[in-house]
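**Q** Quick one: the structure is below, and I'll ask about it shortly.
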Amino acid sequence: MTRMAATRDGYGQALLEIADNPKVVVLEADLGKSTKSLHFRKEYPERTVSCGIGEQNMLLVGAGLASSGFIPFASTFAIFTERAFEQMRNGVARPNLAVHLCGSHGGTHTGTDGSSAQSIEDLAIYRTLPNVVVMHPCDDVSTKQLTKQLPELGKPSYMRTARNKTPVMYDGREDEIKIGKGMILRDGADAAIIACGVMVSESMKAAESLEKQGISVSVVDMHTLKPLDTDLVKSLVDKCGAIITAEDHSIIGGLGGAVAEYLSSNCPAPLERVGVNDRFGESGQPDEMLNLLGISSHHIENAVKKAQSRK
Amino acid sequence: MAMDISEVEEFARKCRVEIVKMVHRAQAGHPGGSLSEIDLISALYATRLRVKPENPDWNDRDRFILSKGHASPGMYAVLAEMGFISHADLESYRVLGGVCQGHVDMKWCPGVDFSAGSLGMGLSFGMGCAVAAKLENSERRIFVMLGDGEIQEGSIWEAAMAARHHELGNLKVILDRNRIQNDDFCEAQMRMFDIPAKWKSFGWSVKEIDGHDMAEIMNGLDFLERTNDGPSILIAHTIKGAGISYMENNPSFHGAAPNDEQFHQAMIELGEVEA
Ligand SMILES: Cc1ncc(C[n+]2csc(CCOP(=O)(O)OP(=O)(O)O)c2C)c(N)n1
């Protein structure tokens with residue numbers, strides 16, 4: 001059986017593992033139980049700063065700490081990081097201060113809380129900020145590995161994690177995960193699916209089903225959206241000639257946007273973007289949301305066929 | 001609707017039953033803050049608000065803005081009791097396509113005046129409604145329910161300052177002072193010291209009451225209705241999870257549903273079933 005785990009738990013574990021570094025500090029905005037920074041808070045209360053329900057304050061407290069030589073890890077729900085977007089832009093990204101922001105419960109997969117909690121634009125907005133590294137890993141193992149690399153990064157980052165459990169992809173492959181390097185999970189020559197977050201396992205499901213129909217596709221986990229692993233995207237175009245992106249995010253400006261920007265300027269190829277089609281979500285179970293919004297594995301299958309036919 | 005105190009208490013008891021049923025059925029949601037606010041919202045709707053359930057969009061209705069939008073089961077229960085929605089609609093709480101979305105949403109549910117869910121937004125929205133009422137020379141009043149954790153958001157204080165600057169006597173806040181937020185007690189997360197003094201220093205008229213004593217609630221609502229020369233706030237001291245023993249003052253029932261056994265016990269405590 002595939003192990004199931006939530007990426008937010010990988011984040012929480014990583015914070016504990018990097019706590020040896022005395023410069024690591026954790027910032028919370030009354031959601032540590034949910035983002036999983038609570039484990040760090042329990043062990044290292046003196047290095048945990050509670051900012052109350054005050055995300056804007058939290059981001060700039062992080063900037064002040066970073067300018068003083070600390071390595072702050074701030075977290076809240078993905079959606080509520082957005083309240084502090086301008087703080088992130090002007091107070092963190094512009095002076096290039098290495099504040100590491102984690103937004104949990106991202107995407108529509110977060111479920112019954114409804115549209116007010118389902119961030120589907122976070123990856124897009126953070127991607128527009130110079131200096132900021134943007135990540136959305138698909139399992140707890142890669143989340144943990146990527147988070148553990150952040151203290152050495154030297155610039156700001158945004159990482160989206162998810163609330164619900166999804167299949168684990170990387171047990172035993174920890175050492176292969178590197179910020180900025182996409183991971184090939186499945187090899188095929190007819191088309192290539194580039195996915196992030198919960199959509200990686202949906203893409204694997206789609207690929208298995210397509211295999212039975214005689215269509216062989218590559219699946220790539222693009223856990224880092226910025227900087228985009230353009231060498232890998234180029235090699236996929238060369239090999240497969242058709243690309244599909246899949247993300248639990250607006251089709252505007254996220255992974256699909258990033259790949260489209262690269263392809264259009266460098267190596268035009270048929271591209272189908274699977275994502276939330278310019279609308280808000282609503283309350284529903286995680287799987288129901290993927291179906292409702294047209295981003296589940298069978299939607300990916302259809303997109304693959306469409307992209308292939310455009311070759 | 002001219003209800004007396006015991007009738008409003010019964011109204012609130014029925015709402016408590018619905019709140020617990022909703023979160024139990026959904027196995028998700030926010031019972032704690034729904035139970036702390038429910039006596040206040042029940043009294044407000046049953047005895048004060050000028051609204052027409054059969055015409056929820058009536059322009060001159062009083063507005064009620066549940067800024068702490070996660071405490072939606074409380075609001076939905078009251079809307080059903082008032083006849084804005086049916087009791088069957090309550091079964092749609094957190095269900096795909098349901099009018100009772102996880103957080104109150106004006107696009108989905110009749111009688112809801114604000115799409116909430118992100119804390120710290122309702123007071124500014126309420127100020128906009130209050131300015132609009134003045135511009136239209138309407139008698140309508142704007143009531144806003146805030147959480148005590150919620151007032152840690154800076155935007156609350158931007159609105160507080162601005163509402164006094166504009167002398168918005170039609171803007172009336174009820175603060176659900178239940179002393180617990182998401183992760184823990186407010187005291188552990190962010191000490192707020194003298195909350196009444198803070199609002200007074202922003203120029204607001206302030207009154208404190210016991211938010212579960214119906215006679216005090218009536219006095220408090222009288223105070224809000226009487227104060228028309230500037231914005232006013234009723235600070236209601238409440239108990240998170242009020243009415244269900246194991247939820248009372250228990251931070252873990254901020255956002256967790258009771259299991260079947262706990263549900264049964266809650267129904268006994270609310271007098272719905274025999275022990
Ligand atoms: C801007 C924002 N940040 C964080 C949250 C997550 N959150 C939901 S409820 C809650 C605690 C709210 O506490 P309080 O206002 O006291 O509400 P109550 O205790 O009455 O339920 C938090 C932090 C949110 N909804 N909005």
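Labeling convention for the structure tokens: chains A, B, ... as they appear, residues from 1 per chain, ligands from 1 in order of appearance.
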All residues within 8 Å of ligand 1 are required, counting only C-alpha atoms and all ligand atoms; please report them as number ranges by chain.
**A** A: 29-31, 52-55, 76-77, 80, 83, 117; B: 30, 32-34, 36-37, 68-71, 117-120, 146-151, 153, 176-183, 186, 240, 254-255
**Q** Among stretch 28-166 of chain A, which residues does DSSP mark as helix (DSSP H, G or I) when it is run on the backbone? Keep the chain and numbering as in the structure and answer as a PyMOL selection string.
**A** chain A and resi 32-35+38-43+45-47+55-67+78-93+108-110+122-127+140-152
**Q** Near stretch 46-56 of chain B, within 9 Å and counting only C-alpha atoms, which residues show up once chain neighbours fewer than 3 positions away are dropped, as an MDAnalysis selection string?
**A** chainID B and resid 1:4 8 11 41:43 59:64 78:79 82:85 110:112 140:141 143 218 221 225
**Q** Write out as a count of residues only the residues lying within 12 Å of B:Ser92, counting only C-alpha atoms and excluding same-chain residues fewer than 3 positions away.
**A** 25
**Q** Residues of chain A within 12 Å of chain B, counting only C-alpha atoms, what are they? List them as a PyMOL selection string.
**A** chain A and resi 27-38+41+45+48-58+76-84+110-119+280-293
**Q** Fewer than 3 positions away in the same chain doesn't count, so skip those; otherwise give me all residues within 7 Å of A:Arg163, counting only C-alpha atoms, as a list in words.
**A**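 Counting only the stated atoms, we get Ala6, Arg8, Ser104, His105 and Thr110 of chain A.
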**Q** Between B:Leu135, B:Ala130, B:Leu40, B:Ala275, which residue has the minimum interatomic distance to B:Asp210, considering only C-alpha atoms?
**A**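 Counting only C-alpha atoms, the residue closest to B:Asp210 is B:Leu40.
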**Q** A:Ser203: which residues within 7 Å, counting only C-alpha atoms, same-chain residues fewer than 2 positions away excluded, as a list of chain:residue names?
**A**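 Close residues of A:Ser203: A:Ile193, A:Met199, A:Val200, A:Ser201, A:Lys205, A:Ala206, A:Ala207, A:Val219, A:Ser297, A:Ile300.
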**Q** Find the residues around B:His24 up to 7 Å (only C-alpha atoms counted), leave out those fewer than 4 positions away in its own chain, and share them as a PyMOL selection string.
**A** chain B and resi 20+257-259+263
**Q** Rank A:Asn302, A:Ile295, A:Ala162, A:Leu185 by their smallest atom-to-atom distance to A:Ile215, using only C-alpha atoms, and report the top residue only.
**A** A:Asn302
**Q** Can you tell me how far atom CA of B:Asp57 sits from atom CA of B:Asn228, in Å to one decimal?
**A**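 A separation of 24.3 Å between them.
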**Q** Which residue is closest to A:Lys239? Choose from A:Glu174, A:Glu86, A:Asp187, A:Glu43 and count only C-alpha atoms.
**A** A:Asp187
**Q** Go through B:Ile217, B:Met106, B:Cys15, B:Ala132 one by one, measure the shortest atom-to-atom distance of each to B:Ile65 using only C-alpha atoms, and give the residue with the smallest value.
**A**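 Using only C-alpha atoms, the shortest distance to B:Ile65 belongs to B:Met106.
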**Q** Give me, please, the distance in Å between atom CA of A:Glu272 and atom CA of A:His299, quoted to one decimal.
**A** 10.8 Å
**Q** Enumerate the residues of stretch 69-291 of chain A with a DSSP assignment of strand (DSSP E), computed from the backbone, and present them as a ChimeraX atom specification.
**A** /A:71-77,100-104,133-135,157-160,166-167,183-186,191-195,217-221,224-226,243-250,271-276
